[in-house]
file my_file_6.cif (mmCIF, C-alpha atoms and all ligand atoms)
data_target
#
loop_
_atom_site.label_atom_id
_atom_site.label_comp_id
_atom_site.auth_asym_id
_atom_site.auth_seq_id
_atom_site.Cartn_x
_atom_site.Cartn_y
_atom_site.Cartn_z
CA PRO T 30 191.85 14.31 91.37
CA THR T 31 192.27 18.07 91.32
CA THR T 32 192.43 19.62 87.86
CA ASP T 33 193.33 23.15 86.82
CA GLU T 34 189.78 23.97 86.00
CA THR T 35 187.96 26.23 88.45
CA ILE T 36 184.50 24.89 89.22
CA LEU T 37 183.42 27.45 91.80
CA SER T 38 184.49 31.02 92.19
CA VAL T 39 183.14 33.20 95.00
CA LYS T 40 184.00 36.89 94.88
CA GLY T 41 183.39 39.70 97.35
CA LEU T 42 180.55 37.91 99.05
CA GLU T 43 178.59 39.76 101.70
CA VAL T 44 175.56 38.48 103.59
CA ASN T 45 173.53 40.71 105.86
CA PHE T 46 171.12 39.41 108.46
CA ASP T 47 169.29 42.49 109.75
CA GLY T 48 172.43 44.57 109.63
CA PHE T 49 174.69 41.82 110.98
CA LYS T 50 177.31 40.76 108.45
CA ALA T 51 177.45 36.99 108.55
CA LEU T 52 179.80 37.06 105.54
CA ARG T 53 181.98 39.95 104.48
CA ASN T 54 184.24 40.38 101.51
CA LEU T 55 184.63 36.66 101.18
CA ASP T 56 186.66 35.25 98.28
CA PHE T 57 186.86 31.55 97.75
CA SER T 58 187.57 29.28 94.84
CA LEU T 59 187.67 25.59 94.13
CA LYS T 60 189.28 23.50 91.42
CA GLN T 61 187.41 20.65 89.87
CA GLY T 62 188.02 17.41 91.75
CA GLU T 63 189.08 19.06 94.99
CA LEU T 64 188.11 17.79 98.41
CA ARG T 65 188.07 20.99 100.44
CA PHE T 66 187.55 21.17 104.16
CA LEU T 67 185.91 24.29 105.58
CA ILE T 68 186.59 24.89 109.24
CA GLY T 69 186.29 27.75 111.72
CA PRO T 70 184.77 28.53 115.09
CA ASN T 71 181.02 28.58 115.64
CA GLY T 72 179.42 31.52 113.92
CA ALA T 73 182.30 31.91 111.44
CA GLY T 74 179.89 31.73 108.50
CA LYS T 75 180.44 28.18 107.20
CA THR T 76 176.76 27.28 106.98
CA THR T 77 175.90 30.66 105.51
CA LEU T 78 178.50 30.16 102.76
CA LEU T 79 176.96 26.80 101.82
CA ASP T 80 173.50 28.41 101.97
CA VAL T 81 174.60 31.05 99.46
CA ILE T 82 176.18 28.46 97.16
CA CYS T 83 172.95 26.52 96.98
CA GLY T 84 170.79 29.61 96.62
CA LYS T 85 169.07 29.39 99.98
CA VAL T 86 170.46 32.71 101.15
CA LYS T 87 170.83 35.74 98.91
CA PRO T 88 173.95 37.84 99.38
CA SER T 89 173.77 41.62 99.48
CA GLN T 90 176.99 41.79 97.48
CA GLY T 91 179.25 39.54 95.49
CA HIS T 92 179.03 36.69 93.03
CA VAL T 93 179.15 32.93 93.06
CA ILE T 94 180.16 31.61 89.65
CA PHE T 95 179.63 27.90 89.09
CA LYS T 96 181.15 26.06 86.12
CA ASP T 97 182.39 29.30 84.53
CA SER T 98 179.04 30.67 83.55
CA ILE T 99 176.28 30.18 86.07
CA ASP T 100 175.97 32.97 88.63
CA LEU T 101 174.24 31.29 91.54
CA THR T 102 173.36 34.63 93.10
CA LYS T 103 171.37 35.68 90.05
CA HIS T 104 168.61 33.16 90.55
CA GLN T 105 165.60 33.56 92.71
CA GLU T 106 165.60 31.42 95.81
CA HIS T 107 166.47 27.96 94.55
CA GLN T 108 164.37 24.92 95.09
CA GLU T 109 166.16 21.74 95.94
CA HIS T 110 165.50 20.09 92.58
CA GLN T 111 166.73 23.17 90.69
CA ILE T 112 169.97 22.99 92.61
CA ALA T 113 170.27 19.32 91.75
CA GLN T 114 169.68 20.13 88.10
CA LEU T 115 172.44 22.69 88.15
CA GLY T 116 174.74 19.96 89.43
CA ILE T 117 174.97 20.72 93.14
CA GLY T 118 174.07 18.23 95.86
CA ARG T 119 173.77 19.20 99.49
CA LYS T 120 173.67 16.97 102.49
CA PHE T 121 172.72 18.19 105.92
CA GLN T 122 173.98 16.64 109.11
CA ALA T 123 171.03 14.41 109.91
CA PRO T 124 170.41 11.65 107.39
CA THR T 125 167.09 11.85 105.57
CA VAL T 126 166.41 8.48 103.99
CA PHE T 127 163.05 6.82 103.44
CA SER T 128 163.13 4.32 106.29
CA THR T 129 160.38 2.00 105.04
CA LEU T 130 162.01 1.61 101.61
CA THR T 131 164.96 -0.67 101.03
CA VAL T 132 168.47 0.63 100.50
CA PHE T 133 168.20 -0.16 96.79
CA GLU T 134 164.81 1.56 96.49
CA ASN T 135 166.14 4.68 98.18
CA LEU T 136 168.95 4.90 95.66
CA ALA T 137 166.66 4.15 92.72
CA LEU T 138 164.18 6.80 93.81
CA SER T 139 166.89 9.38 94.12
CA MET T 140 168.22 8.53 90.67
CA LYS T 141 164.83 9.10 89.07
CA GLN T 142 163.74 12.00 91.23
CA GLN T 143 164.59 14.68 88.69
CA ARG T 144 161.33 13.90 86.96
CA GLY T 145 159.35 14.35 90.15
CA LEU T 146 158.76 12.02 93.07
CA LEU T 147 155.54 10.49 91.81
CA SER T 148 156.73 9.58 88.33
CA ALA T 149 159.92 8.27 89.92
CA LEU T 150 157.88 5.79 91.93
CA TRP T 151 156.27 4.45 88.74
CA ALA T 152 159.19 4.58 86.34
CA LYS T 153 160.77 1.23 85.51
CA THR T 154 164.45 0.80 86.18
CA THR T 155 166.42 0.04 83.04
CA SER T 156 169.34 -2.38 83.04
CA GLU T 157 171.74 0.48 82.49
CA GLN T 158 170.29 2.22 85.56
CA ARG T 159 170.54 -1.00 87.54
CA GLU T 160 174.21 -1.17 86.73
CA ARG T 161 174.72 2.39 87.94
CA LEU T 162 172.82 1.61 91.13
CA HIS T 163 175.02 -1.39 91.87
CA LEU T 164 178.19 0.59 91.26
CA ARG T 165 177.04 3.12 93.86
CA LEU T 166 176.02 0.40 96.29
CA ASP T 167 179.56 -0.95 96.06
CA MET T 168 181.05 2.48 96.51
CA ILE T 169 179.08 3.23 99.69
CA GLY T 170 179.72 -0.28 101.02
CA LEU T 171 176.07 -1.30 101.24
CA GLN T 172 175.88 -3.97 98.55
CA SER T 173 175.13 -6.68 101.10
CA LYS T 174 172.32 -4.57 102.59
CA ALA T 175 170.64 -3.63 99.32
CA LYS T 176 167.40 -5.37 100.26
CA GLU T 177 167.24 -4.21 103.85
CA ARG T 178 164.96 -1.41 104.91
CA ALA T 179 166.87 1.84 105.30
CA GLY T 180 165.31 2.26 108.73
CA SER T 181 167.25 -0.76 110.00
CA LEU T 182 170.66 0.65 109.07
CA SER T 183 173.14 2.02 111.58
CA HIS T 184 173.60 5.78 111.79
CA GLY T 185 176.79 5.57 109.73
CA GLU T 186 175.20 3.40 107.07
CA LYS T 187 172.30 5.85 106.75
CA GLN T 188 174.77 8.65 106.17
CA TRP T 189 176.51 6.66 103.42
CA LEU T 190 173.18 5.84 101.86
CA GLU T 191 172.29 9.50 101.78
CA ILE T 192 175.62 10.32 100.17
CA GLY T 193 174.92 7.56 97.65
CA MET T 194 171.49 9.06 96.99
CA LEU T 195 173.06 12.43 96.27
CA LEU T 196 175.57 10.78 93.94
CA MET T 197 172.76 9.15 91.94
CA GLN T 198 171.88 12.64 90.75
CA GLU T 199 175.41 12.95 89.33
CA PRO T 200 176.28 16.27 90.95
CA ASP T 201 179.49 18.07 90.00
CA LEU T 202 179.72 19.68 93.41
CA LEU T 203 178.80 18.11 96.74
CA LEU T 204 178.27 20.16 99.89
CA LEU T 205 178.51 18.06 103.04
CA ASP T 206 177.86 19.16 106.59
CA GLU T 207 179.85 17.12 109.12
CA PRO T 208 179.50 13.81 107.29
CA ALA T 209 181.15 11.81 110.06
CA ALA T 210 179.26 13.31 113.01
CA GLY T 211 178.04 10.71 115.47
CA MET T 212 179.89 7.86 113.79
CA THR T 213 181.99 5.16 115.38
CA ASP T 214 185.75 5.24 114.77
CA SER T 215 185.62 2.65 112.04
CA GLU T 216 182.66 4.34 110.34
CA THR T 217 184.52 7.65 110.50
CA GLU T 218 187.53 6.06 108.85
CA LYS T 219 185.39 4.60 106.07
CA THR T 220 183.72 7.95 105.54
CA GLY T 221 187.05 9.68 105.04
CA GLU T 222 188.04 7.08 102.49
CA LEU T 223 184.68 7.41 100.75
CA LEU T 224 185.16 11.17 100.43
CA HIS T 225 188.51 10.67 98.72
CA GLU T 226 186.99 8.09 96.41
CA ILE T 227 184.18 10.46 95.44
CA ALA T 228 186.69 13.24 94.83
CA ALA T 229 188.17 11.14 92.03
CA ASN T 230 185.26 12.39 89.93
CA GLN T 231 183.46 15.09 91.84
CA THR T 232 184.29 18.22 93.79
CA ILE T 233 183.41 18.30 97.49
CA ILE T 234 183.19 20.94 100.19
CA VAL T 235 183.04 19.50 103.71
CA VAL T 236 182.13 21.61 106.71
CA GLU T 237 183.78 19.90 109.65
CA HIS T 238 184.23 20.45 113.37
CA ASP T 239 186.00 17.23 114.18
CA MET T 240 189.65 18.25 113.99
CA ALA T 241 190.93 14.68 114.23
CA PHE T 242 188.93 13.88 111.11
CA VAL T 243 190.23 17.00 109.35
CA ARG T 244 193.84 16.19 110.29
CA GLN T 245 193.52 12.69 108.92
CA PHE T 246 191.68 13.36 105.69
CA ALA T 247 192.12 16.98 104.64
CA ARG T 248 194.62 18.17 102.07
CA ILE T 249 193.60 21.78 101.61
CA VAL T 250 191.74 23.55 104.40
CA THR T 251 189.96 26.91 104.36
CA VAL T 252 189.57 28.58 107.74
CA LEU T 253 186.70 31.02 108.12
CA HIS T 254 186.56 33.56 110.90
CA GLU T 255 184.02 36.35 111.40
CA GLY T 256 182.52 35.87 107.97
CA THR T 257 185.66 35.88 105.89
CA VAL T 258 188.59 33.66 104.96
CA LEU T 259 191.27 33.83 107.62
CA ARG T 260 193.70 31.34 106.08
CA GLU T 261 193.84 28.70 103.42
CA GLY T 262 196.46 26.04 102.97
CA THR T 263 197.58 22.52 103.62
CA MET T 264 196.71 20.97 106.96
CA GLN T 265 200.36 21.40 107.95
CA GLU T 266 200.32 25.12 107.16
CA ILE T 267 197.05 25.63 108.98
CA GLN T 268 198.24 23.77 112.05
CA ASN T 269 201.38 25.88 112.30
CA ASP T 270 199.63 29.18 111.78
CA ASP T 271 199.63 31.45 114.83
CA LYS T 272 196.57 33.40 113.77
CA VAL T 273 194.56 30.22 113.29
CA ALA T 274 195.69 28.93 116.66
CA GLU T 275 194.65 32.22 118.23
CA VAL T 276 191.13 32.44 116.84
CA TYR T 277 190.31 28.86 116.26
CA LEU T 278 192.10 26.66 118.68
CA GLY T 279 191.88 29.24 121.46
CA ARG T 280 195.60 29.08 122.22
P1 LIG T 301 178.89 28.55 111.28
O1 LIG T 301 178.22 27.60 110.36
O2 LIG T 301 180.32 28.82 110.91
O3 LIG T 301 178.78 28.16 112.73
P2 LIG T 301 176.78 30.36 110.49
O4 LIG T 301 176.97 30.55 109.03
O5 LIG T 301 175.73 29.44 110.93
O6 LIG T 301 178.19 29.99 111.16
O7 LIG T 301 176.49 31.76 111.15
C1 LIG T 301 177.24 32.92 110.93
C2 LIG T 301 176.66 34.07 111.74
O8 LIG T 301 175.42 34.47 111.17
C3 LIG T 301 176.35 33.69 113.19
O9 LIG T 301 176.69 34.79 114.00
C4 LIG T 301 174.87 33.44 113.18
O10 LIG T 301 174.31 33.74 114.44
C5 LIG T 301 174.37 34.40 112.12
N1 LIG T 301 173.17 33.91 111.42
C6 LIG T 301 173.08 32.78 110.70
N2 LIG T 301 171.86 32.64 110.16
C7 LIG T 301 171.14 33.73 110.55
C8 LIG T 301 169.80 34.20 110.31
N3 LIG T 301 168.95 33.53 109.55
N4 LIG T 301 169.44 35.38 110.88
C9 LIG T 301 170.30 36.07 111.65
N5 LIG T 301 171.58 35.71 111.90
C10 LIG T 301 171.99 34.55 111.36
#
call {"tool": "encode", "arguments": {"input": "my_file_6.cif", "output": "C-alpha cells", "more": "lines below"}}
Ligand code: ADP
result
Amino acid sequence: PTTDETILSVKGLEVNFDGFKALRNLDFSLKQGELRFLIGPNGAGKTTLLDVICGKVKPSQGHVIFKDSIDLTKHQEHQEHQIAQLGIGRKFQAPTVFSTLTVFENLALSMKQQRGLLSALWAKTTSEQRERLHLRLDMIGLQSKAKERAGSLSHGEKQWLEIGMLLMQEPDLLLLDEPAAGMTDSETEKTGELLHEIAANQTIIVVEHDMAFVRQFARIVTVLHEGTVLREGTMQEIQNDDKVAEVYLGR
C-alpha cells in the first residue's frame, strides 16, 4: 500500500541524444508502495526515463534521488548487478529465463546471483531460502510447475517467472515494461492482480501501451508527451482530460 514516504524523486531531468531532447524538464515522484502506470504515445520518453532511473542513460541535467539519499545520476554507467544491489529491478518486455533449468532452479539462481553467477550455481540452498522460494512460487502461481523446465512454460508463465526472479533479489523498486504484452485474457488478468499483490510491499513503475489493461488496473497514471509529464492523476481524471485525449488518444 502507498505510504507517505517518497522512494523516488526525479527533478528537472533532461536527456540529450545528439541534440535531440528525449526528456526535458521532467519532474516525477513516487511514494513507497505505489503501483504507477506510465503511458504516452510512442517516442514520449517512457523507456528513456526508465533507462535513466537504472543508470543506463546519463542525463545532461537533473537528478534522480532514490530512497532519500542515493543520486542515481551520480554513478557511472550502472551494471545490472549494481542496480540490483541498490534495490532496483528491471524487467524488459521479452522474458529472459534459463529455459533448460527448472522453474525452481531459475528462482534459486536469481536469489543467489548477487554473489556472482558461478558461486550461485554451487551455493547450497538453506531451508530459510527454500521457504522464501516457495512463497514466491505461490505468489507467481507456479507452485505446481516448480519442477518443470522453464522452456516448457507458456509465454505468460515465463513472464511471471521472470517477475518472480526479480522479486528474489528483494528490490524496493520494480521497473516493468509492458508486463502483459502478448498474454491471453486470463493471463493478463492474473498479471494485473499480481502487480497489485507485489505493490503491497514494493513500489512498481509499469510502462504500458495496452489501455484496456491500464483502465482495469491503474490507480494513478502519469502521461508523458514529448519528453515531459503532460498530466498525472487517477485513471478517471486522465480519461476525462482534453489535452490527454488530444495528444494521446488522437481525438
Ligand atoms: P517511448 O518509450 O515513450 O516510446 P523513448 O524513450 O524510447 O520513447 O524515446 C524517446 C525519444 O528519444 C524518441 O524520439 C526516440 O527516437 C529517441 N531516442 C531514444 N533512444 C535514443 C538513442 N539512443 N539515440 C537517439 N535517439 C533516441
call {"tool": "axis_aligned_box", "arguments": {"input": "my_file_6.cif", "around": "range 245-261 of chain T", "padding_each_side": "4 Å", "output": "AutoDock Vina command-line options"}}
result
--center_x 188.6 --center_y 24.5 --center_z 106.5 --size_x 20.1 --size_y 31.7 --size_z 17.8
call {"tool": "residues_around", "arguments": {"input": "my_file_6.cif", "residues": "Lys176 in chain T", "least_positions_apart": "3", "cutoff": "9 Å", "atoms": "only C-alpha atoms", "output": "ChimeraX atom specification"}}
result
/T:130-134,172-173,179
call {"tool": "atom_distance", "arguments": {"input": "my_file_6.cif", "atom1": "CA of Cys83 in chain T", "atom2": "CA of His184 in chain T"}}
result
25.5 Å
call {"tool": "closest_atom_pairs", "arguments": {"input": "my_file_6.cif", "of": "chain T", "to": "ligand LIG 301 (chain T)", "cutoff": "6 Å", "atoms": "all atoms listed in the file", "output": "JSON lines"}}
result
{"residue": "T:Phe46", "atom": "CA", "partner": "T:LIG301", "partner_atom": "C9", "distance": 4.7}
{"residue": "T:Ala51", "atom": "CA", "partner": "T:LIG301", "partner_atom": "O8", "distance": 4.2}
{"residue": "T:Asn71", "atom": "CA", "partner": "T:LIG301", "partner_atom": "O3", "distance": 3.7}
{"residue": "T:Gly72", "atom": "CA", "partner": "T:LIG301", "partner_atom": "O6", "distance": 3.4}
{"residue": "T:Ala73", "atom": "CA", "partner": "T:LIG301", "partner_atom": "O2", "distance": 3.7}
{"residue": "T:Gly74", "atom": "CA", "partner": "T:LIG301", "partner_atom": "O4", "distance": 3.2}
{"residue": "T:Lys75", "atom": "CA", "partner": "T:LIG301", "partner_atom": "O2", "distance": 3.8}
{"residue": "T:Thr76", "atom": "CA", "partner": "T:LIG301", "partner_atom": "O1", "distance": 3.7}
{"residue": "T:Thr77", "atom": "CA", "partner": "T:LIG301", "partner_atom": "O4", "distance": 3.7}
call {"tool": "atom_distance", "arguments": {"input": "my_file_6.cif", "atom1": "CA of Glu160 in chain T", "atom2": "CA of Glu226 in chain T"}}
result
18.5 Å
call {"tool": "atom_distance", "arguments": {"input": "my_file_6.cif", "atom1": "CA of Lys174 in chain T", "atom2": "CA of Ala113 in chain T"}}
result
26.3 Å
call {"tool": "residues_around", "arguments": {"input": "my_file_6.cif", "residues": "Thr263 in chain T", "least_positions_apart": "4", "cutoff": "9 Å", "atoms": "only C-alpha atoms", "output": "list of chain:residue names"}}
result
T:Ala247, T:Arg248, T:Ile249, T:Val250, T:Thr251, T:Ile267, T:Gln268
call {"tool": "closest_residue", "arguments": {"input": "my_file_6.cif", "among": "T:Pro124, T:Pro30, T:Gly41, T:Gly256", "to": "Lys60 in chain T", "atoms": "all atoms listed in the file"}}
result
T:Pro30
call {"tool": "closest_residue", "arguments": {"input": "my_file_6.cif", "among": "T:Thr35, T:Asn54, T:Thr155, T:Ser128", "to": "Arg178 in chain T", "atoms": "all atoms listed in the file"}}
result
T:Ser128
call {"tool": "residues_around", "arguments": {"input": "my_file_6.cif", "residues": "Leu196 in chain T", "least_positions_apart": "4", "cutoff": "8 Å", "atoms": "all atoms listed in the file", "output": "number ranges by chain"}}
result
T: 118, 165, 192, 200
call {"tool": "write_last_selection", "arguments": {"input": "my_file_6.cif", "atoms": "C-alpha atoms", "output": "short mmCIF file (atom, residue, chain, number, x, y, z; two decimals), in the coordinates of the input"}}
result
data_model
loop_
_atom_site.label_atom_id
_atom_site.label_comp_id
_atom_site.auth_asym_id
_atom_site.auth_seq_id
_atom_site.Cartn_x
_atom_site.Cartn_y
_atom_site.Cartn_z
CA GLY T 118 174.07 18.23 95.86
CA ARG T 165 177.04 3.12 93.86
CA ILE T 192 175.62 10.32 100.17
CA PRO T 200 176.28 16.27 90.95
#
call {"tool": "residues_around", "arguments": {"input": "my_file_6.cif", "residues": "range 209-223 of chain T", "least_positions_apart": "2", "cutoff": "10 Å", "atoms": "all atoms listed in the file", "output": "list in words"}}
result
Gln122, Ala123, Met168, Ile169, Gly170, Ser183, His184, Gly185, Glu186, Gln188, Trp189, Ile192, Leu205, Asp206, Glu207, His225, Glu226, Ile227, Ala228, Glu237, His238, Asp239, Phe242, Val243, Gln245, Phe246 and Ala247 of chain T
call {"tool": "write_last_selection", "arguments": {"input": "my_file_6.cif", "atoms": "C-alpha atoms", "output": "mmCIF file, in the coordinates of the input"}}
result
data_model
loop_
_atom_site.group_PDB
_atom_site.id
_atom_site.type_symbol
_atom_site.label_atom_id
_atom_site.label_comp_id
_atom_site.auth_asym_id
_atom_site.auth_seq_id
_atom_site.Cartn_x
_atom_site.Cartn_y
_atom_site.Cartn_z
ATOM 1 C CA GLN T 122 173.980 16.640 109.110
ATOM 2 C CA ALA T 123 171.030 14.410 109.910
ATOM 3 C CA MET T 168 181.050 2.480 96.510
ATOM 4 C CA ILE T 169 179.080 3.230 99.690
ATOM 5 C CA GLY T 170 179.720 -0.280 101.020
ATOM 6 C CA SER T 183 173.140 2.020 111.580
ATOM 7 C CA HIS T 184 173.600 5.780 111.790
ATOM 8 C CA GLY T 185 176.790 5.570 109.730
ATOM 9 C CA GLU T 186 175.200 3.400 107.070
ATOM 10 C CA GLN T 188 174.770 8.650 106.170
ATOM 11 C CA TRP T 189 176.510 6.660 103.420
ATOM 12 C CA ILE T 192 175.620 10.320 100.170
ATOM 13 C CA LEU T 205 178.510 18.060 103.040
ATOM 14 C CA ASP T 206 177.860 19.160 106.590
ATOM 15 C CA GLU T 207 179.850 17.120 109.120
ATOM 16 C CA HIS T 225 188.510 10.670 98.720
ATOM 17 C CA GLU T 226 186.990 8.090 96.410
ATOM 18 C CA ILE T 227 184.180 10.460 95.440
ATOM 19 C CA ALA T 228 186.690 13.240 94.830
ATOM 20 C CA GLU T 237 183.780 19.900 109.650
ATOM 21 C CA HIS T 238 184.230 20.450 113.370
ATOM 22 C CA ASP T 239 186.000 17.230 114.180
ATOM 23 C CA PHE T 242 188.930 13.880 111.110
ATOM 24 C CA VAL T 243 190.230 17.000 109.350
ATOM 25 C CA GLN T 245 193.520 12.690 108.920
ATOM 26 C CA PHE T 246 191.680 13.360 105.690
ATOM 27 C CA ALA T 247 192.120 16.980 104.640
#
call {"tool": "residues_around", "arguments": {"input": "my_file_6.cif", "residues": "Met140 in chain T", "least_positions_apart": "2", "cutoff": "9 Å", "atoms": "only C-alpha atoms", "output": "list in words"}}
result
Asn135, Leu136, Ala137, Leu138, Gln142, Gln143, Ala149, Gln158, Leu162, Met194, Leu195, Leu196, Met197, Gln198 and Glu199 of chain T
call {"tool": "closest_residue", "arguments": {"input": "my_file_6.cif", "among": "T:Arg65, T:Leu203, T:Leu182, T:Gly193", "to": "Leu166 in chain T", "atoms": "only C-alpha atoms"}}
result
T:Gly193
